>>> print(open('entry-v1.csv').read())   # CSV, C-alpha atoms
chain,number,residue,atom,x,y,z
A,109,MET,CA,74.2,85.3,89.8
A,110,THR,CA,76.7,83.5,87.5
A,111,VAL,CA,80.4,84.1,87.8
A,112,LEU,CA,80.4,86.0,84.5
A,113,GLU,CA,77.7,88.5,85.6
A,114,PHE,CA,79.3,88.9,89.0
A,115,SER,CA,82.8,89.6,87.4
A,116,LEU,CA,81.3,92.2,85.1
A,117,LEU,CA,79.4,94.0,87.8
A,118,VAL,CA,82.3,94.0,90.3
A,119,CYS,CA,84.6,95.2,87.5
A,120,ALA,CA,82.3,98.2,86.8
A,121,CYS,CA,82.2,99.1,90.5
A,122,SER,CA,85.9,98.7,90.8
A,123,LEU,CA,86.4,101.2,87.9
A,124,ILE,CA,84.5,103.8,90.0
A,125,ALA,CA,86.5,102.8,93.1
A,126,GLY,CA,89.8,103.3,91.2
A,127,LEU,CA,88.7,106.6,89.9
A,128,VAL,CA,87.7,107.9,93.4
A,129,GLY,CA,90.8,106.4,94.9
A,130,ALA,CA,93.1,108.1,92.4
A,131,LEU,CA,91.4,111.5,92.8
A,132,THR,CA,91.4,111.5,96.6
A,133,GLY,CA,94.7,109.7,97.4
A,134,LEU,CA,92.7,107.2,99.5
A,135,GLY,CA,93.0,104.1,97.4
A,136,GLY,CA,90.0,102.1,96.1
A,137,GLY,CA,89.2,100.4,99.4
A,138,VAL,CA,87.0,103.2,100.7
A,139,VAL,CA,84.4,102.5,98.0
A,140,LEU,CA,85.0,98.8,97.5
A,141,VAL,CA,84.7,97.4,101.0
A,142,PRO,CA,81.1,98.7,101.6
A,143,VAL,CA,80.0,97.9,98.0
A,144,LEU,CA,81.3,94.3,98.1
A,145,SER,CA,80.0,93.6,101.6
A,146,LEU,CA,76.7,95.4,101.5
A,147,PHE,CA,75.6,95.1,97.9
A,148,PHE,CA,77.3,91.9,96.8
A,149,LYS,CA,77.0,90.2,100.2
A,150,VAL,CA,80.7,89.2,100.1
A,151,ASP,CA,82.1,88.0,103.4
A,152,ILE,CA,84.0,90.9,105.1
A,153,ARG,CA,87.3,89.0,105.0
A,154,TYR,CA,87.2,88.5,101.2
A,155,ALA,CA,86.1,92.1,100.9
A,156,ILE,CA,89.2,93.3,102.9
A,157,GLY,CA,91.5,91.1,100.8
A,158,ALA,CA,90.0,92.6,97.6
A,159,SER,CA,90.3,96.1,99.1
A,160,LEU,CA,94.0,95.5,99.7
A,161,VAL,CA,94.4,94.5,96.0
A,162,SER,CA,92.6,97.6,95.0
A,163,VAL,CA,94.8,99.8,97.0
A,164,ILE,CA,98.0,98.4,95.5
A,165,ALA,CA,96.4,98.7,92.0
A,166,THR,CA,95.2,102.3,92.4
A,167,SER,CA,98.5,103.3,93.9
A,168,SER,CA,100.8,101.9,91.2
A,169,GLY,CA,98.3,102.7,88.3
A,170,ALA,CA,97.9,106.4,89.1
A,171,ALA,CA,101.4,106.9,90.6
A,172,ALA,CA,103.0,106.1,87.2
A,173,ALA,CA,101.4,109.3,85.8
A,174,TYR,CA,101.6,111.4,89.0
A,175,VAL,CA,105.3,110.8,89.5
A,176,LYS,CA,106.2,111.5,85.8
A,177,GLU,CA,104.2,114.7,85.7
A,178,GLY,CA,105.8,116.0,88.9
A,179,PHE,CA,102.8,115.9,91.3
A,180,SER,CA,104.0,113.3,93.8
A,181,ASN,CA,107.0,114.4,95.8
A,182,ILE,CA,109.2,111.2,96.1
A,183,ARG,CA,111.3,112.7,98.9
A,184,ILE,CA,108.3,113.5,101.0
A,185,GLY,CA,107.0,110.0,100.2
A,186,MET,CA,110.2,108.1,101.1
A,187,PHE,CA,110.8,110.2,104.3
A,188,LEU,CA,107.2,109.7,105.6
A,189,GLU,CA,107.2,106.0,104.6
A,190,ILE,CA,109.6,105.3,107.4
A,191,ALA,CA,106.9,106.6,109.8
A,192,THR,CA,104.0,104.7,108.1
A,193,THR,CA,105.8,101.3,107.8
A,194,LEU,CA,107.1,101.5,111.4
A,195,GLY,CA,103.6,102.5,112.6
A,196,ALA,CA,102.1,99.6,110.7
A,197,LEU,CA,104.4,97.1,112.4
A,198,LEU,CA,103.4,98.5,115.8
A,199,GLY,CA,99.7,98.5,114.9
A,200,ALA,CA,99.8,94.9,113.7
A,201,THR,CA,101.4,93.8,117.0
A,202,LEU,CA,99.0,95.8,119.1
A,203,ALA,CA,95.9,94.6,117.1
A,204,THR,CA,95.4,91.6,119.4
A,205,HIS,CA,95.7,93.5,122.6
A,206,VAL,CA,93.5,96.6,122.1
A,207,SER,CA,89.8,97.2,121.4
A,208,THR,CA,89.5,98.0,117.7
A,209,HIS,CA,85.9,99.1,118.1
A,210,ALA,CA,87.0,102.0,120.3
A,211,ILE,CA,89.8,102.9,117.9
A,212,ALA,CA,87.4,102.8,114.9
A,213,MET,CA,85.0,105.2,116.7
A,214,VAL,CA,87.8,107.6,117.7
A,215,PHE,CA,89.1,107.5,114.1
A,216,GLY,CA,85.6,108.2,112.8
A,217,VAL,CA,85.3,111.3,115.0
A,218,VAL,CA,88.8,112.5,113.8
A,219,LEU,CA,87.7,112.0,110.2
A,220,LEU,CA,84.6,114.1,110.7
A,221,PHE,CA,86.7,117.0,111.9
A,222,SER,CA,89.2,116.5,109.1
A,223,ALA,CA,86.4,116.6,106.5
A,224,TYR,CA,85.3,119.9,108.0
A,225,PHE,CA,88.8,121.5,107.8
A,226,ALA,CA,89.9,119.9,104.5
A,227,ARG,CA,86.9,121.2,102.5
A,228,LYS,CA,88.1,124.7,102.0
A,229,PRO,CA,91.2,125.8,100.0
A,230,ARG,CA,93.9,127.9,101.7
A,231,SER,CA,94.1,131.6,100.9
A,232,LEU,CA,97.1,133.1,99.1
A,233,ALA,CA,98.3,134.6,102.4
A,234,GLU,CA,98.2,131.2,104.1
A,235,ARG,CA,100.2,129.7,101.3
A,236,ALA,CA,103.0,132.2,101.4
A,237,VAL,CA,105.1,130.7,104.2
A,238,PRO,CA,108.9,131.0,104.7
A,239,PRO,CA,111.0,127.7,104.3
A,240,ASP,CA,111.3,125.7,107.5
A,241,PRO,CA,114.9,124.9,108.4
A,242,LEU,CA,114.3,121.2,109.0
A,243,ALA,CA,112.2,120.7,105.8
A,244,THR,CA,115.0,122.4,103.9
A,245,ARG,CA,117.7,120.1,105.4
A,246,LEU,CA,115.5,117.1,104.4
A,247,ARG,CA,115.1,118.6,100.9
A,248,LEU,CA,111.3,118.3,101.2
A,249,ASN,CA,110.3,121.6,99.5
A,250,GLY,CA,109.4,121.4,95.8
A,251,SER,CA,107.1,122.5,93.1
A,252,PHE,CA,104.3,121.0,91.0
A,253,PRO,CA,102.4,121.9,87.8
A,254,ASP,CA,99.2,123.7,89.0
A,255,VAL,CA,96.3,124.5,86.6
A,256,ASP,CA,97.7,128.0,86.1
A,257,GLY,CA,101.4,127.2,86.0
A,258,GLU,CA,104.2,125.8,88.1
A,259,ARG,CA,103.8,126.5,91.8
A,260,THR,CA,106.5,126.1,94.5
A,261,TYR,CA,105.8,125.2,98.1
A,262,ASN,CA,107.5,125.1,101.5
A,263,VAL,CA,106.8,122.2,103.8
A,264,GLN,CA,106.0,123.1,107.5
A,265,HIS,CA,105.8,121.3,110.8
A,266,VAL,CA,107.9,118.2,109.9
A,267,PRO,CA,107.9,116.5,113.4
A,268,ALA,CA,104.1,116.9,113.7
A,269,GLY,CA,103.5,115.5,110.2
A,270,TRP,CA,105.9,112.6,110.8
A,271,SER,CA,104.1,111.7,114.1
A,272,LEU,CA,100.7,111.8,112.4
A,273,MET,CA,102.1,109.5,109.7
A,274,PHE,CA,103.3,107.1,112.3
A,275,GLY,CA,99.7,107.2,113.7
A,276,ALA,CA,98.3,106.6,110.2
A,277,GLY,CA,100.6,103.6,109.8
A,278,ALA,CA,99.5,102.2,113.2
A,279,LEU,CA,95.9,102.6,112.2
A,280,SER,CA,96.4,100.7,109.0
A,281,GLY,CA,98.0,97.9,111.0
A,282,LEU,CA,95.2,97.9,113.5
A,283,LEU,CA,92.1,98.4,111.3
A,284,GLY,CA,93.3,97.3,107.9
A,285,ILE,CA,91.6,100.2,106.2
A,286,GLY,CA,91.4,104.0,106.1
A,287,SER,CA,95.0,105.0,106.6
A,288,GLY,CA,95.0,107.0,103.3
A,289,ALA,CA,92.7,109.5,104.8
A,290,MET,CA,95.1,110.2,107.7
A,291,LYS,CA,98.0,110.5,105.3
A,292,VAL,CA,96.3,113.2,103.2
A,293,VAL,CA,95.2,115.1,106.3
A,294,ALA,CA,98.7,114.9,107.9
A,295,MET,CA,100.3,116.3,104.7
A,296,ASP,CA,97.6,118.9,103.9
A,297,GLN,CA,96.6,120.2,107.4
A,298,ALA,CA,99.8,119.7,109.5
A,299,MET,CA,102.6,120.0,106.9
A,300,ARG,CA,100.8,122.6,104.8
A,301,ILE,CA,101.6,120.8,101.6
A,302,PRO,CA,99.4,121.8,98.5
A,303,PHE,CA,96.4,119.6,98.2
A,304,LYS,CA,97.3,118.0,94.9
A,305,VAL,CA,100.8,117.1,96.1
A,306,SER,CA,99.3,115.7,99.4
A,307,THR,CA,96.8,113.4,97.6
A,308,THR,CA,99.2,112.2,94.9
A,309,THR,CA,102.0,111.6,97.4
A,310,SER,CA,99.6,109.7,99.6
A,311,ASN,CA,98.6,107.7,96.5
A,312,PHE,CA,102.3,107.0,95.9
A,313,MET,CA,102.8,105.8,99.4
A,314,ILE,CA,99.7,103.6,100.1
A,315,GLY,CA,100.9,100.9,97.7
A,316,VAL,CA,104.0,100.3,99.8
A,317,THR,CA,102.0,100.0,103.1
A,318,ALA,CA,99.5,97.7,101.4
A,319,ALA,CA,102.1,95.5,99.8
A,320,ALA,CA,103.7,95.1,103.2
A,321,SER,CA,100.6,93.5,104.6
A,322,ALA,CA,99.6,91.6,101.4
A,323,GLY,CA,101.7,88.6,102.5
A,324,VAL,CA,99.7,88.2,105.7
A,325,TYR,CA,96.3,88.3,103.9
A,326,LEU,CA,97.5,86.0,101.1
A,327,SER,CA,98.7,83.3,103.5
A,328,ARG,CA,95.5,83.6,105.6
A,329,GLY,CA,93.5,82.8,102.4
A,330,TYR,CA,91.6,86.2,102.3
A,331,ILE,CA,92.5,86.8,98.6
A,332,ASP,CA,90.4,85.0,96.1
A,333,PRO,CA,91.3,85.0,92.4
A,334,GLY,CA,87.6,85.3,91.4
A,335,LEU,CA,87.6,88.7,93.1
A,336,VAL,CA,91.1,89.7,92.3
A,337,MET,CA,90.5,89.5,88.6
A,338,PRO,CA,87.5,91.9,88.2
A,339,VAL,CA,88.8,94.2,91.0
A,340,MET,CA,92.3,94.6,89.7
A,341,LEU,CA,91.4,95.2,86.1
A,342,GLY,CA,88.5,97.6,87.0
A,343,VAL,CA,90.5,99.5,89.5
A,344,LEU,CA,93.5,99.9,87.2
A,345,ALA,CA,91.4,101.3,84.4
A,346,GLY,CA,89.7,103.7,86.9
A,347,SER,CA,93.0,104.9,88.4
A,348,LEU,CA,94.5,105.6,85.0
A,349,LEU,CA,91.3,107.6,84.1
A,350,GLY,CA,91.4,109.4,87.5
A,351,ALA,CA,95.1,110.4,87.0
A,352,ARG,CA,94.2,112.1,83.7
A,353,ILE,CA,91.3,114.0,85.3
A,354,LEU,CA,93.2,115.2,88.4
A,355,VAL,CA,95.7,117.1,86.2
A,356,ARG,CA,93.0,119.4,84.9
A,357,MET,CA,90.8,119.6,87.9
A,358,HIS,CA,90.7,122.7,90.2
A,359,THR,CA,91.8,122.0,93.8
A,360,ARG,CA,88.5,123.5,95.1
A,361,TRP,CA,86.5,120.6,93.6
A,362,LEU,CA,89.0,118.0,94.6
A,363,ARG,CA,88.9,119.2,98.2
A,364,LEU,CA,85.1,119.2,98.2
A,365,GLY,CA,85.0,115.6,96.9
A,366,PHE,CA,87.7,114.5,99.3
A,367,ALA,CA,85.7,116.0,102.3
A,368,MET,CA,82.6,114.2,101.2
A,369,VAL,CA,84.3,110.9,100.8
A,370,ILE,CA,86.1,111.0,104.2
A,371,ALA,CA,82.8,112.1,105.9
A,372,LEU,CA,81.2,109.0,104.5
A,373,LEU,CA,84.2,107.0,105.6
A,374,ALA,CA,83.8,108.5,109.1
A,375,ILE,CA,80.2,107.4,109.2
A,376,GLU,CA,81.3,103.9,108.1
A,377,MET,CA,83.9,103.8,110.8
A,378,LEU,CA,81.4,104.9,113.5
A,379,TYR,CA,78.9,102.4,112.3
A,380,ASN,CA,81.4,99.6,112.2
A,381,GLY,CA,82.7,100.5,115.6
A,382,LEU,CA,79.3,100.6,117.2
A,383,SER,CA,78.1,97.4,115.6
A,384,GLY,CA,81.3,95.6,116.4
A,385,ARG,CA,82.1,94.7,112.8
A,386,ILE,CA,85.7,95.9,113.1
B,69,MET,CA,129.5,112.7,82.2
B,70,LEU,CA,127.3,114.1,79.4
B,71,PRO,CA,124.9,116.9,80.3
B,72,GLY,CA,121.4,115.6,80.8
B,73,ARG,CA,122.6,112.1,81.6
B,74,SER,CA,123.5,112.9,85.1
B,75,TRP,CA,121.2,111.6,87.9
B,76,THR,CA,118.6,114.2,89.0
B,77,ASP,CA,115.3,113.8,90.8
B,78,ARG,CA,113.6,114.4,87.4
B,79,ARG,CA,115.3,111.4,85.9
B,80,ILE,CA,114.6,109.2,88.9
B,81,GLU,CA,110.9,110.2,88.7
B,82,ASN,CA,110.8,109.3,85.0
B,83,ILE,CA,112.3,105.9,85.5
B,84,LEU,CA,110.1,105.2,88.6
B,85,GLY,CA,107.1,106.2,86.5
B,86,ASN,CA,108.1,103.8,83.7
B,87,LEU,CA,108.8,101.0,86.2
B,88,LEU,CA,105.4,101.4,87.8
B,89,ARG,CA,103.7,101.5,84.4
B,90,ALA,CA,105.5,98.3,83.3
B,91,GLY,CA,104.6,96.5,86.5
B,92,VAL,CA,101.0,97.4,86.3
B,93,PHE,CA,100.6,96.5,82.6
B,94,LEU,CA,102.4,93.2,83.0
B,95,SER,CA,100.3,92.2,86.0
B,96,ALA,CA,97.1,93.3,84.2
B,97,LEU,CA,98.1,91.2,81.2
B,98,VAL,CA,98.7,88.0,83.3
B,99,VAL,CA,95.5,88.5,85.2
B,100,SER,CA,93.5,89.0,81.9
B,101,ILE,CA,94.9,85.7,80.5
B,102,GLY,CA,94.1,83.9,83.8
B,103,GLY,CA,90.7,85.6,83.8
B,104,VAL,CA,89.8,84.4,80.3
B,105,ILE,CA,90.7,80.8,81.2
B,106,TYR,CA,88.8,81.1,84.5
B,107,LEU,CA,85.7,82.5,82.9
B,108,LEU,CA,85.7,80.0,80.1
B,109,ARG,CA,85.6,77.2,82.6
B,110,TYR,CA,83.5,78.7,85.4
B,111,GLY,CA,81.7,81.6,83.7
B,112,HIS,CA,78.2,80.0,84.0
B,113,SER,CA,78.6,78.5,87.5
B,114,PRO,CA,76.8,80.3,90.3
B,115,VAL,CA,78.9,82.6,92.4
B,116,ASP,CA,79.2,82.5,96.2
B,117,PHE,CA,81.4,84.7,98.4
B,118,ARG,CA,78.9,84.9,101.2
B,119,VAL,CA,80.6,82.4,103.4
B,120,PHE,CA,84.3,82.6,104.1
B,121,ARG,CA,86.0,79.3,103.4
B,122,GLY,CA,89.6,80.6,103.0
B,123,GLU,CA,91.6,79.8,99.9
B,124,PRO,CA,92.9,76.3,99.2
B,125,ALA,CA,96.6,75.9,100.2
B,126,ASP,CA,97.9,76.1,96.6
B,127,LEU,CA,96.5,79.6,96.1
B,128,ARG,CA,98.1,80.9,99.3
B,129,ASP,CA,101.8,80.8,98.7
B,130,VAL,CA,104.3,81.5,95.9
B,131,ARG,CA,105.2,77.8,95.3
B,132,GLY,CA,101.6,76.7,95.0
B,133,ILE,CA,100.7,79.6,92.7
B,134,ILE,CA,103.6,78.8,90.3
B,135,GLY,CA,102.6,75.1,90.3
B,136,ASP,CA,99.0,76.0,89.3
B,137,THR,CA,100.3,78.4,86.7
B,138,MET,CA,102.4,75.7,85.1
B,139,ALA,CA,99.2,73.5,85.0
B,140,LEU,CA,97.5,76.4,83.1
B,141,GLN,CA,94.9,76.8,85.8
B,142,GLY,CA,93.0,80.1,85.5
B,143,ARG,CA,92.8,80.8,89.2
B,144,GLY,CA,96.6,80.1,89.6
B,145,ILE,CA,97.5,82.5,86.8
B,146,ILE,CA,95.3,85.3,88.3
B,147,GLN,CA,97.2,84.9,91.6
B,148,LEU,CA,100.5,85.0,89.7
B,149,GLY,CA,99.4,88.4,88.2
B,150,LEU,CA,98.6,89.5,91.8
B,151,LEU,CA,102.1,88.5,92.9
B,152,LEU,CA,103.5,90.7,90.1
B,153,LEU,CA,101.3,93.6,91.3
B,154,ILE,CA,102.5,93.2,94.9
B,155,ALA,CA,106.1,93.1,93.6
B,156,THR,CA,105.7,96.4,91.7
B,157,PRO,CA,105.9,98.8,94.8
B,158,VAL,CA,108.6,96.6,96.3
B,159,CYS,CA,110.7,97.1,93.1
B,160,ARG,CA,109.9,100.8,93.2
B,161,VAL,CA,111.5,101.1,96.7
B,162,ALA,CA,114.5,99.0,95.6
B,163,PHE,CA,115.1,101.1,92.6
B,164,SER,CA,114.9,104.3,94.7
B,165,ILE,CA,117.8,103.1,96.8
B,166,PHE,CA,119.8,102.8,93.5
B,167,GLY,CA,118.6,106.2,92.3
B,168,PHE,CA,119.5,108.1,95.4
B,169,ALA,CA,122.9,106.4,95.5
B,170,GLN,CA,123.5,107.6,92.0
B,171,GLU,CA,122.6,111.1,93.1
B,172,ARG,CA,125.1,110.7,96.0
B,173,ASP,CA,122.3,111.6,98.4
B,174,ARG,CA,123.4,109.6,101.5
B,175,MET,CA,120.6,110.7,103.7
B,176,TYR,CA,117.9,109.4,101.3
B,177,VAL,CA,119.8,106.2,100.6
B,178,VAL,CA,119.6,105.5,104.4
B,179,PHE,CA,115.9,106.5,104.5
B,180,THR,CA,115.0,104.2,101.6
B,181,VAL,CA,117.1,101.3,103.0
B,182,ILE,CA,115.1,101.5,106.2
B,183,VAL,CA,111.8,101.5,104.4
B,184,PHE,CA,112.9,98.6,102.2
B,185,SER,CA,114.1,96.5,105.2
B,186,ILE,CA,110.8,97.0,107.1
B,187,LEU,CA,108.9,96.1,103.9
B,188,LEU,CA,110.9,92.9,103.4
B,189,TYR,CA,110.6,92.1,107.1
B,190,SER,CA,106.8,92.3,107.0
B,191,LEU,CA,106.5,90.5,103.7
B,192,LEU,CA,108.8,87.6,104.5
B,193,GLY,CA,107.9,87.4,108.1
B,194,SER,CA,104.3,86.6,107.2
B,195,ALA,CA,105.0,84.0,104.5
>>> encode(input="entry-v1.csv", output="structure tokens")
Amino acid sequence: MTVLEFSLLVCACSLIAGLVGALTGLGGGVVLVPVLSLFFKVDIRYAIGASLVSVIATSSGAAAAYVKEGFSNIRIGMFLEIATTLGALLGATLATHVSTHAIAMVFGVVLLFSAYFARKPRSLAERAVPPDPLATRLRLNGSFPDVDGERTYNVQHVPAGWSLMFGAGALSGLLGIGSGAMKVVAMDQAMRIPFKVSTTTSNFMIGVTAAASAGVYLSRGYIDPGLVMPVMLGVLAGSLLGARILVRMHTRWLRLGFAMVIALLAIEMLYNGLSGRI
Amino acid sequence: MLPGRSWTDRRIENILGNLLRAGVFLSALVVSIGGVIYLLRYGHSPVDFRVFRGEPADLRDVRGIIGDTMALQGRGIIQLGLLLLIATPVCRVAFSIFGFAQERDRMYVVFTVIVFSILLYSLLGSA
């Protein structure tokens, strides 16, 4: 394969990765790492470097639209970023001392359960919850433009959500991938934040976590310009497209798609853990 | 202060959105320029990412990347676009500090400063 053919093919796959990443709040890495390493036979370290680039690109590309249209909640994002960045620091220091195979497998099992719980929308009765005093003090409650009009929400279980976010950050420091899934699940299942707000706020946050570790990967030589170019351009185009689709899409379908993607991610994690690739 | 000009979450969100959009378009533009130069020179060479060699030293740090860009090297210009992409979320956090300060929301200024410090610590600590 010549460089030109390779660049065009990778660019096309990255477009899909950016689209899926923007719709699910997971970033493009979920699609890109397996595609690059299995289909294009790219060394896993280059693939992880490219995945990091794709996460920053999806995040910034889609967040521009999500923030302006009032989907991402910037206060929830900033407040939880304290947890994820602290967690990532801890994870990176622990990475050399613990068995990442075992962690990858535990994470895989957790993701399978999450896929099961996240697949179904909440009923109207489950949505109508009174404001939580801590969430009110932190000014986390908000509203967003749902398909059938503006909808307000009250954030629940702040300490549990914050702890899960810390765990998500630690995972990203330990494994390098997959923390977007934990972020969405923590906001959606623990903090009872509407699904579209959870995914778009996760999307808003993952860029910061990825940017924090970008320096390490760049200085280790994991990030190759021949991959950066097609990945970044493809993912950006895909994420802009994804952001336009999300606005009009019903939550039911987004949840179903999300559940399917994280179930695949779970299998990938279990496989990587068992085969010792992580 | 004129009505509508005061600092609200809505206004911060709008500026943040524009900031992210500008960062993304600028980095995409730089990467495209570098990509064209790179493809013109290497487009017909065979591709090989099967074996990990690690990038040459000049593509691993800011000084080397700027040097390559000055020499109009395609690969260096692509990495410059990447640096702009990495800088985008960092600027987003930095601007949030300013925005929350304008809203006189002390709690969130503190939160954002913490995030910004951790971010700088991990970025600079590795370089």
>>> closest_atom_pairs(input="entry-v1.csv", of="stretch 288-329 of chain A", to="stretch 112-134 of chain B", cutoff="9 Å", atoms="only C-alpha atoms", output="Markdown table")
| residue | atom | partner | partner_atom | distance |
| --- | --- | --- | --- | --- |
| A:Gly323 | CA | B:Asp129 | CA | 8.7 |
| A:Tyr325 | CA | B:Arg128 | CA | 8.9 |
| A:Leu326 | CA | B:Arg128 | CA | 5.4 |
| A:Ser327 | CA | B:Arg128 | CA | 4.9 |
| A:Arg328 | CA | B:Gly122 | CA | 7.1 |
| A:Gly329 | CA | B:Glu123 | CA | 4.3 |
>>> interface_residues(input="entry-v1.csv", of="chain B", to="chain A", cutoff="8 Å", atoms="all atoms listed in the file", output="PyMOL selection string")
chain B and resi 81-82+84-89+92+96+99-100+103+107+110-120+122-125+127-129+143-144+146-147+150+153-158+176+179-180+182-183+186-188+190-192+194-195
>>> atom_distance(input="entry-v1.csv", atom1="atom CA of A:Arg259", atom2="atom CA of A:Asp296")
15.6 Å
>>> atom_distance(input="entry-v1.csv", atom1="atom CA of A:Ala278", atom2="atom CA of A:Gly157")
18.5 Å
>>> residues_around(input="entry-v1.csv", residues="A:His209", least_positions_apart="5", cutoff="9 Å", atoms="only C-alpha atoms", output="list in words")
Val214, Met377, Leu378, Asn380, Gly381, Leu382, Ser383, Gly384, Arg385 and Ile386 of chain A
>>> write_last_selection(input="entry-v1.csv", atoms="C-alpha atoms", output="PDB file, in the coordinates of the input")
ATOM      1  CA  VAL A 214      87.800 107.600 117.700  1.00  0.00           C
ATOM      2  CA  MET A 377      83.900 103.800 110.800  1.00  0.00           C
ATOM      3  CA  LEU A 378      81.400 104.900 113.500  1.00  0.00           C
ATOM      4  CA  ASN A 380      81.400  99.600 112.200  1.00  0.00           C
ATOM      5  CA  GLY A 381      82.700 100.500 115.600  1.00  0.00           C
ATOM      6  CA  LEU A 382      79.300 100.600 117.200  1.00  0.00           C
ATOM      7  CA  SER A 383      78.100  97.400 115.600  1.00  0.00           C
ATOM      8  CA  GLY A 384      81.300  95.600 116.400  1.00  0.00           C
ATOM      9  CA  ARG A 385      82.100  94.700 112.800  1.00  0.00           C
ATOM     10  CA  ILE A 386      85.700  95.900 113.100  1.00  0.00           C
TER      11      ILE A 386
END
>>> atom_distance(input="entry-v1.csv", atom1="atom CA of A:Leu198", atom2="atom CA of A:Met290")
16.5 Å
>>> residues_around(input="entry-v1.csv", residues="B:Phe166", least_positions_apart="3", cutoff="12 Å", atoms="only C-alpha atoms", output="number ranges by chain")
B: 75, 80, 83-84, 159-163, 169-174, 176-178, 180-181, 184
>>> closest_residue(input="entry-v1.csv", among="A:Pro302, A:Gly129, A:Gly342, A:Gly365", to="A:Arg230", atoms="all atoms listed in the file")
A:Pro302
>>> closest_residue(input="entry-v1.csv", among="A:Lys291, A:Phe252, A:Leu354, A:Arg363", to="A:Leu134", atoms="only C-alpha atoms")
A:Lys291
>>> build_atoms(input="entry-v1.csv", residues="stretch 153-158 of chain A", atoms="all heavy atoms", output="compact mmCIF listing (two decimals), in the coordinates of the input")
# COMPACT_ATOMS: atom_id res chain seq x y z
N ARG A 153 85.90 89.33 105.15
CA ARG A 153 87.30 89.00 105.00
C ARG A 153 87.75 88.96 103.53
O ARG A 153 88.82 89.47 103.17
CB ARG A 153 87.62 87.64 105.67
CG ARG A 153 87.79 87.79 107.17
CD ARG A 153 87.58 86.49 107.89
NE ARG A 153 86.16 86.12 107.91
CZ ARG A 153 85.66 85.12 108.62
NH1 ARG A 153 86.46 84.39 109.36
NH2 ARG A 153 84.37 84.85 108.60
N TYR A 154 86.90 88.42 102.67
CA TYR A 154 87.20 88.50 101.20
C TYR A 154 87.18 89.93 100.75
O TYR A 154 88.00 90.33 99.91
CB TYR A 154 86.14 87.71 100.43
CG TYR A 154 86.27 86.21 100.47
CD1 TYR A 154 85.16 85.40 100.70
CD2 TYR A 154 87.50 85.59 100.25
CE1 TYR A 154 85.26 84.03 100.72
CE2 TYR A 154 87.61 84.21 100.27
CZ TYR A 154 86.49 83.43 100.51
OH TYR A 154 86.59 82.07 100.53
N ALA A 155 86.24 90.72 101.30
CA ALA A 155 86.10 92.10 100.90
C ALA A 155 87.40 92.89 101.27
O ALA A 155 87.91 93.71 100.49
CB ALA A 155 84.91 92.78 101.51
N ILE A 156 87.94 92.61 102.48
CA ILE A 156 89.20 93.30 102.90
C ILE A 156 90.35 92.86 102.04
O ILE A 156 91.18 93.68 101.64
CB ILE A 156 89.42 93.06 104.42
CG1 ILE A 156 88.38 93.83 105.23
CG2 ILE A 156 90.83 93.49 104.81
CD1 ILE A 156 88.46 93.60 106.73
N GLY A 157 90.40 91.57 101.71
CA GLY A 157 91.50 91.10 100.80
C GLY A 157 91.38 91.77 99.46
O GLY A 157 92.40 92.24 98.93
N ALA A 158 90.15 91.91 98.92
CA ALA A 158 90.00 92.60 97.60
C ALA A 158 90.34 94.05 97.73
O ALA A 158 90.93 94.63 96.81
CB ALA A 158 88.54 92.43 97.15
